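Presented below is the structure to which this report refers.
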Amino acid sequence: MGISISNISKSYKNVKALQDISFEVKPNELFGLIGPDGAGKTTLFRILTTLLFPDHGTATVAGFDVVGDYKEIRKNVGYMPGRFSLYQDLTVEENLNFFATIFGTTIDENYDLIKDIYVQIEPFKDRRAGKLSGGMKQKLALSCALIHKPKVLFLDEPTTGVDPVSRKEFWEMLKRLQQKGITILVSTPYMDEAALCDRVALIQDGRILQIDTPKAIVKHYPKPIYNVRSDNMYQLITNLKDYEFNHSVYPFGEFVHYTDSRTDFNPTELQHYLESKNLKNIEIHETDATIEDTFMELAK
Amino acid sequence: MLPIIFVLPLLQLVILSNAATFEVKNIKFGYIDNDHSSTSRALIEKFNASTYFDVLTDFPSEAKASSAMLNGEIDVVLEIPRHFARDLQNEKYVNLGVTINAIDGAAAGVENVYITQIIQSYNKHIRTDLVQISDAQIQPAYIDTIPLFWYNETLNYKTFMVPGILVLLVTMITLFLSGMNIVREKEIGTLEQINVTPIKKNQFIIGKLFPFWVIGMGLLTVGLLLARLIFNVPMVGSLVLMYVYTSIYILVILGIGLFISNFTDTQQQAMFIAWFFVVIFILMSGLFTPIESMPKWAQIITEFNPIKYYVEVMRMVMLKGSGFTDILPQLIKTLAYAIIMNGLAVWSYRKAN
């Protein structure tokens with residue numbers, strides 16, 4: 001009842017949006033598709049939700065072929081596009097009723113599934129959807145995508161443009177939905193959200209870079225990473241980039257993530273180099289790799 | 001939105017029906033009288049008496065008259081030749097010079113008819129005055145025509161313009177609304193959400209058609225009421241027949257609109273295409289210019305113009321009281337058109353691409 005994708009390719013004129021993508025999403029898995037804008041996430045979603053035909057390759061969703069059994073897929077999946085796409089001039093309740101009717105069901109029938117989410121927007125049920133805040137719009141869209149009790153849920157960048165608190169709540173909701181037996185494929189450009197998935201696929205320029213659990217992906221990181229900090233961040237980054245042995249230099253919050261190209265790297269050597277460049281309050285200590293580091297390394 | 005849909009078209013109906021007239025009045029009339037006889041003055045007097053002409057000036061020369069026409073001061077110049085009265089008596093045959101400003105070709109044509117009528121009636125009187133009794137006996141009797149304008153006895157232009165303009169309004173509103181509709185959903189993204197639902201193509205199209213169909217019928221109702229109350233347009237035929245025909249006709253227009261909507265990506269594109277068809281349909285509908293006077297190829301094109309049939313049917317039923325069998329040809333063509341256009345709309349609506 002999961003998703004299986006084999007050798008999917010799709011091009012728009014000269015742009016190769018997806019190139020030979022293959023992976024499996026196990027039943028009842030919360031699977032993350034992580035990649036920057038333009039990586040091909042939305043194209044893949046549109047193919048899996050039967051809105052777009054692939055140029056090559058096959059895919060099945062909940063056991064149905066995306067081309068041959070599109071009718072069954074439309075009955076069995078919930079899709080939440082990246083852009084808010086409910087009727088803005090209908091109220092919250094009308095939207096929910098409308099989608100329930102289209103799927104041949106009623107709000108009452110599947111109320112237990114959406115209850116957790118819907119109670120949060122129920123006070124505004126007579127408000128037009130266009131007048132809701134960003135977070136509430138997401139909750140309404142999720143409710144509408146769930147109203148027919150789908151087997152597989154597709155969420156295309158559900159948290160883009162949503163505040164941190166709502167994002168956290170949203171992921172908690174996804175976890176609860178997963179416990180109810182729904183397979184979830186979610187895409188996000190935020191690397192921190194990747195850690196909340198069971199497994200993630202890193203995608204860039206239409207290719208899958210790596211697929212694994214978030215923990216395993218981090219372990220794959222080949223080199224020790226150092227957090228470097230000083231009083232002058234800009235000069236620090238410039239100097240590190242000029243340093244002849246640097247392998248990668250990325251600003252990361254209040255630190256700079258630094259890796260060295262040598263295997264026998266000694267941090268004190270770097271400290272001396274930076275001091276010679278008149279930097280003060282220099283701190284260098286080893287840290288764990290994050291998914292973002294892995295992504296940057298793979299995308300290099 | 002709903003008040004706009006209703007109020008603006010009905011305002012148009014009231015304004016256009018009062019303003020769009022084919023009658024030409026207040027024609028600025030000038031003349032050059034080279035004869036200065038009582039006979040020539042009698043002719044001028046005929047024009048003076050007509051309500052259509054404002055007799056303005058007596059020009060001393062042709063050059064003056066020409067420059068006045070160039071300046072737009074006069075529309076028509078009548079030149080009466082020297083010895084007009086004498087030649088009329090002796091030779092019973094004279095030429096009059098008539099110059100008409102034909103910048104507006106349609107108006108010039110109408111003016112020509114008026115002038116000819118006045119001169120003819122003058123001619124008739126002058127002959128009875130001049131012709132001697134002996135001559136009269138060998139003259140053929142006059143053939144006099146007295147036209148009867150059936151179905152619109154007073155040739156009241158409003159009587160035939162109001163049904164026509166009502167047709168245009170119903171058409172334009174329903175075409176623009178439906179043409180914008182699906183493409184708007186494409187723009188705001190709601191179509192994507194609908195497309196992943198199990199809704200069937202024909203259900204979707206019917207769902208899109210129905211509200212506009214109701215609006216179209218509502219427009220017709222209010223328009224007919226205005227036609228009756230404000231313009232006192234006669235409604236000889238059956239209202240039921242008018243509604244039956246309109247209900248099918250609106251389906252044609254909505255089908256065209258949805259078809260356009262399916263093929264375009266933005267409302268701007270849809271607007272331009274809808275506008276293109278509306279202009280062609282209106283100008284080739286026979287509402288403003290008779291189809292009979294169009295070139296052959298244009299007449300063939302009008303066979304595919306739904307507005308043409310609607311204008312015909314509305315005028316036939318409202319003014320002439322035509323029955324079901326009279327409008328059957330139009331009804332069948334429109335029905336076929338409706339089936340084809342809506343079939344195309346359903347067919348061209350793609351849930352996936």
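By convention here, the chains of the structure tokens are called A, B, ... in the order presented, each chain's residues are numbered starting at 1, and ligands are numbered starting at 1 in the order presented.
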What residues in chain B have any atom no more than 9 Å from chain A when counting only C-alpha atoms, and can you write them as a VMD selection string?
chain B and resid 185 188 to 199 351 to 353
Write the residues of the selection above to a file with C-alpha atoms, as a compact mmCIF listing (two decimals), in the first residue's frame.
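What landed in result26.txt:
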```txt
# COMPACT_ATOMS: atom_id res chain seq x y z
CA GLU B 185 -9.40 28.18 -11.38
CA ILE B 188 -5.58 30.39 -8.51
CA GLY B 189 -4.72 26.69 -8.32
CA THR B 190 -8.07 25.28 -7.23
CA LEU B 191 -8.31 23.25 -10.43
CA GLU B 192 -5.31 21.19 -9.35
CA GLN B 193 -7.09 20.21 -6.17
CA ILE B 194 -10.26 19.35 -8.08
CA ASN B 195 -8.32 17.28 -10.60
CA VAL B 196 -7.04 14.83 -8.01
CA THR B 197 -10.59 14.09 -6.89
CA PRO B 198 -12.65 11.35 -8.52
CA ILE B 199 -15.07 13.92 -10.02
CA LYS B 351 -7.55 16.37 -15.66
CA ALA B 352 -3.98 15.27 -16.39
CA ASN B 353 -1.45 16.33 -18.97
```
Using only C-alpha atoms, determine which residues lie at most 12 Å from B:Pro290, disregarding the query and same-chain residues fewer than 6 positions distant; provide the list as a ChimeraX atom specification.
/B:282-284,298-299,302,308,311-312
For each of B:Leu96, B:Leu328, B:Phe84, B:Ile182, take the minimum atom-to-atom distance to B:Val244, counting only C-alpha atoms, then give the residue where this is smallest.
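Closest candidate: B:Leu328.
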Atomic separation - atom CA of B:Ala19 relative to atom CA of B:Ala107, Å:
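Atom CA of B:Ala107 sits 15.0 Å away from atom CA of B:Ala19.
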Just the residues within 10 Å of B:Asn152, please, counting only C-alpha atoms, with nothing from its chain fewer than 5 positions along; format it as a ChimeraX atom specification.
/B:157-160,233-234,319-320
Next, the residues of the selection above should be written as a compact mmCIF listing (two decimals), in the first residue's frame with N, CA and C atoms.
```txt
# COMPACT_ATOMS: atom_id res chain seq x y z
N TYR B 157 -37.56 51.67 -34.93
CA TYR B 157 -36.31 50.91 -34.87
C TYR B 157 -36.13 50.22 -33.52
N LYS B 158 -36.70 50.80 -32.48
CA LYS B 158 -36.55 50.18 -31.15
C LYS B 158 -37.17 48.80 -31.14
N THR B 159 -38.25 48.66 -31.88
CA THR B 159 -38.94 47.37 -31.88
C THR B 159 -38.04 46.26 -32.36
N PHE B 160 -37.15 46.57 -33.32
CA PHE B 160 -36.28 45.47 -33.73
C PHE B 160 -34.90 45.55 -33.11
N VAL B 233 -42.05 47.10 -26.48
CA VAL B 233 -41.85 46.25 -27.64
C VAL B 233 -42.97 45.20 -27.65
N PRO B 234 -43.62 45.02 -28.79
CA PRO B 234 -44.69 44.03 -28.82
C PRO B 234 -44.14 42.63 -28.62
N LEU B 319 -41.86 39.66 -32.64
CA LEU B 319 -42.56 40.63 -33.48
C LEU B 319 -43.59 39.99 -34.39
N LYS B 320 -43.31 38.74 -34.80
CA LYS B 320 -44.14 38.14 -35.83
C LYS B 320 -45.04 37.06 -35.25
```
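When atom CA of A:Ala299 is paired with atom CA of A:Ala39, their separation reads 11.2 Å.
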Residue neighbourhood stretch 227-231 of chain A, 6 Å, only C-alpha atoms, exclusion window fewer than 2 positions, as a list in words
Phe255, Val256, His257, Lys280, Asn281, Ile282, Glu283, Ile284 and His285 of chain A
Using only C-alpha atoms, which residue out of B:Trp347, B:Leu166, B:Ser285, B:Ile27 lies closest to B:Gln12?
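With only C-alpha atoms as the atom set, the closest residue is B:Leu166.
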With DSSP run on the backbone, what are the strand (DSSP E or B) residues within stretch 84-229 of chain B? I'd like them as a ChimeraX atom specification.
/B:97-100
Give me the residues within 7 Å of B:Gly179 as a CSV table (one decimal) with C-alpha atoms, in the first residue's frame, counting only C-alpha atoms and dropping any in the same chain fewer than 3 places off.
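Wrote part-v7.csv, looks like this:
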```csv
chain,number,residue,atom,x,y,z
B,175,LEU,CA,-19.6,34.0,-22.9
B,176,PHE,CA,-17.2,36.1,-20.8
B,257,GLY,CA,-16.7,29.8,-23.3
B,258,LEU,CA,-15.7,26.6,-21.5
B,260,ILE,CA,-11.9,28.6,-24.7
B,261,SER,CA,-11.2,28.3,-21.0
B,270,ALA,CA,-9.3,33.8,-22.6
B,274,ALA,CA,-13.7,35.5,-26.3
```
Among stretch 3-248 of chain A, which residues does DSSP mark as helix (DSSP H, G or I) when it is run on the backbone? Keep the chain and numbering as in the structure and answer as an MDAnalysis selection string.
chainID A and resid 41:48 70:76 92:102 111:124 129:131 134:146 164:179 191:194 214:219 233:242
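Between atom CA of A:Met136 and atom CA of A:Ser187 the separation is 19.3 Å.
When only C-alpha atoms are used to measure the gap to B:Asn156, the shortest distance among B:Asn112, B:Ser50, B:Ser247, B:Asn232 belongs to B:Asn232.
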Using only C-alpha atoms, which protein or nucleic acid residues come within 12 Å of A:Gln138? Drop anything in the same chain fewer than 2 positions from it, and give the result as a ChimeraX atom specification.
/A:80-86,92,117-118,120-121,129-130,132-136,140-145,155-163,166-167,169-171,173
Residues near B:Glu45, cut-off 12 Å, only C-alpha atoms, skip fewer than 6 positions along chain, as a PyMOL selection string
chain B and resi 29+31+38-39+51+53-55+118-119+122
Could you tell me which of B:Ala65, B:Leu70, B:Ile173, B:Ala345 comes closest to B:Gly255 if we count only C-alpha atoms?
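Among the listed residues, the smallest separation from B:Gly255 belongs to B:Ala345.
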